[in-house]
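A.B. asks: Let me give you the structure first, and then I'll get to my questions.
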Amino acid sequence: MQDEVAGALHRWGFGAGERAAWEAHAAKAAHPGIPGRVASEHKGGLFVATSAGERHAVVPGKLRRAARGGESELPAVGDWVAVSQPQGDGAVQVLAVLPRKSVLARKAAGEREVRQVLAANVDRVLLVAALGLDLNLRRLERALAMVRESSAAPALILSKADLCADPAPLLAQAREVAREAPVLLVSARTGLGVPELEALLEPGRTAVLLGSSGVGKSTLVNRWLGSEQYVTSEVDAEGKGRHATTHRQLVPLPWGALVIDTPGLRELGLWESGEGLRETFDDIDALSASCRFRNCAHQGEPGCAARAAVEQGALAADRLESFLKLRGEVAARQVKLDARAQADEKAKTKELQRRMNALNRKRH
């Protein structure tokens with residue numbers, strides 16, 4: 001790879017790991033194209049940052065058909081990709097998605113059982129909640145489980161601290177559910193906590209802002225950029241925010257870090273969260289070792305250490321119920337996915353048998 005290409009992509013997070021992934025791709029591809037990173041995702045398509053600047057990119061049908069895992073294998077914001085050589089100002093084609101080091105994903109909103117990738121190749125996820133109206137501890141537990149399953153490191157950002165007369169009790173509650181993850185009180189308006197937050201955003205590393213609409217995600221990005229480049233919104237008296245950011249956008253920050261600003265999320269459906277649940281509820285996981293039965297489901301079995309902790313006041317009852325709800329949600333989804341996989345396999349077997357029968361009839 002030419003050094004000028006790597007240099008042009010450095011501000012987008014191109015480092016030693018990304019160079020190695022690109023060289024592995026280029027060594028086996030007949031037409032490797034050029035490297036780039038998906039910088040934004042709109043309804044009209046993708047924009048990819050390349051050494052030739054940001055280019056509109058399209059995903060060809062061949063790549064879509066090759067995505068065995070469905071939409072979740074197609075390029076998302078944060079992905080490193082190979083794209084065709086730019087021709088004038090025209091769009092480029094995505095030739096390949098390079099291996100991901102982390103994937104932040106959820107169940108897509110709605111009834112479909114589909115995995116949706118929110119961001120790829122992120123090192124830190126900043127879960128932003130506005131103090132007061134938006135601080136829902138059970139929702140934070142759900143978000144923490146999703147983040148920990150992604151391999152990225154979580155941090156809780158309690159925004160709009162200047163609007164809260166006494167944030168101490170809320171801060172204590174947030175720290176209780178965050179476990180070892182950092183929890184910061186932040187006010188983009190006064191600057192409270194902003195230096196500590198910026199210290200979490202290291203040069204060459206990528207973070208993503210995640211939270212409901214109106215909690216101050218875009219306000220933080222504007223502060224870091226030193227200008228009002230992103231439209232902002234406020235949370236109303238009922239705790240509802242208007243959508244300010246309408247698409248996912250990867251933004252290089254002045255000191256070399258990168259951040260992905262995202263639209264507000266109303267639903268945080270877990271897709272898979274085995275290890276994520278264990279890490280988020282490590283207190284309940286530790287109690288499980290003291291249960292009488294190794295497979296205790298904490299649903300009323302005799303000798304349940306988790307239920308005993310609730311009765312003794314050592315574990316909040318709603319925290320245990322939150323854990324059971326999330327665990328049940330993930331298990332139910334897996335049952336549906338297994339049933340779908342079996343149905344697909346039967347359909348494939350039936351189609352293969354039909355073709356073999358047709359071939360035998362033709363021979364005879």
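Labeling convention for the structure tokens: chains A, B, ... as they appear, residues from 1 per chain, ligands from 1 in order of appearance.
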Please list as a VMD selection string every residue within 12 Å of Pro75 (chain A), counting only C-alpha atoms and excluding residues in the same chain fewer than 5 positions away.
C.D. replies: chain A and resid 36 to 41 45 to 48 57 to 60 63 to 64 67 70 80 to 83 93 to 100 103 116 to 121
A.B. asks: Taking the DSSP secondary structure from the backbone, can you list the residues of region 73-150 of chain A that are alpha helix (DSSP H), as a PDB file with C-alpha atoms, in the first residue's frame?
C.D. replies:
```pdb
ATOM      1  CA  LEU A 137     -32.099   2.029  34.963  1.00  0.00           C
ATOM      2  CA  ARG A 138     -33.703  -1.003  33.349  1.00  0.00           C
ATOM      3  CA  ARG A 139     -33.127   0.455  29.871  1.00  0.00           C
ATOM      4  CA  LEU A 140     -29.499   1.128  30.829  1.00  0.00           C
ATOM      5  CA  GLU A 141     -29.051  -2.511  31.859  1.00  0.00           C
ATOM      6  CA  ARG A 142     -30.425  -3.612  28.490  1.00  0.00           C
ATOM      7  CA  ALA A 143     -28.076  -1.224  26.655  1.00  0.00           C
ATOM      8  CA  LEU A 144     -25.074  -2.341  28.710  1.00  0.00           C
ATOM      9  CA  ALA A 145     -25.733  -5.993  27.859  1.00  0.00           C
ATOM     10  CA  MET A 146     -25.934  -5.115  24.161  1.00  0.00           C
ATOM     11  CA  VAL A 147     -22.686  -3.133  24.294  1.00  0.00           C
ATOM     12  CA  ARG A 148     -20.732  -5.769  26.201  1.00  0.00           C
ATOM     13  CA  GLU A 149     -21.736  -8.375  23.630  1.00  0.00           C
TER      14      GLU A 149
END
```
A.B. asks: Quick one: of A:Leu225, A:Leu250, A:Val186, A:Gln173, who's nearest to Leu209 (chain A), counting only C-alpha atoms?
C.D. replies: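 Among the listed residues, A:Leu250 lies closest to Leu209 (chain A).
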A.B. asks: Skipping near chain neighbours, those fewer than 2 positions away, what residues fall within 10 Å of Leu163 (chain A) using only C-alpha atoms, listed as a compact mmCIF listing (two decimals) with C-alpha atoms, in the first residue's frame?
C.D. replies:
```txt
# COMPACT_ATOMS: atom_id res chain seq x y z
CA ALA A 130 -30.40 12.94 30.25
CA LEU A 131 -30.60 13.33 34.01
CA GLY A 132 -34.11 13.11 35.36
CA SER A 159 -26.01 14.52 30.30
CA LYS A 160 -27.67 17.86 31.05
CA ALA A 161 -26.33 17.80 34.61
CA ALA A 165 -30.67 20.26 41.22
CA ASP A 166 -29.34 17.17 43.02
CA PRO A 167 -27.68 14.63 40.69
CA SER A 187 -23.09 19.31 30.84
```
A.B. asks: Output as number ranges by chain all residues of region 138-359 of chain A that backbone DSSP marks as strand (DSSP E or B).
C.D. replies: A: 153-159, 183-185, 206-210, 235, 241, 248-252, 258-261, 269
A.B. asks: Between CA of Pro154 (chain A) and CA of Leu287 (chain A), what is the spacing in Å?
C.D. replies: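 Between CA of Leu287 (chain A) and CA of Pro154 (chain A) the gap works out to 23.5 Å.
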A.B. asks: Report the distance between CA of Thr219 (chain A) and CA of Leu9 (chain A) in Å, rounded to one decimal place.
C.D. replies: 26.2 Å
A.B. asks: How far is it from CA of Ala347 (chain A) to CA of Leu74 (chain A), in Å with one decimal?
C.D. replies: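 If I compute the distance from CA of Ala347 (chain A) to CA of Leu74 (chain A), I get 24.9 Å.
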A.B. asks: Nearest residue to Thr50 (chain A) out of A:Ala343, A:Val125, A:Val5, A:Ala91, using only C-alpha atoms?
C.D. replies: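 Closest candidate: A:Val5.
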A.B. asks: Of the candidates A:Ser51, A:Asp344, A:Leu220, A:Val215, which shows the shortest atom-to-atom distance to Pro195 (chain A), using only C-alpha atoms?
C.D. replies: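 Closest to Pro195 (chain A) of all the choices is A:Leu220.
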A.B. asks: So which residues touch Arg11 (chain A) within 8 Å, counting only C-alpha atoms, skipping near sequence neighbours fewer than 4 positions away, as number ranges by chain?
C.D. replies: A: 7, 204, 252, 256
A.B. asks: Pick from A:His42, A:Lys28, A:Arg327, A:Arg55: nearest to Thr262 (chain A), with only C-alpha atoms counted?
C.D. replies: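 Comparing A:His42, A:Lys28, A:Arg327, A:Arg55 against Thr262 (chain A), the winner is A:His42.
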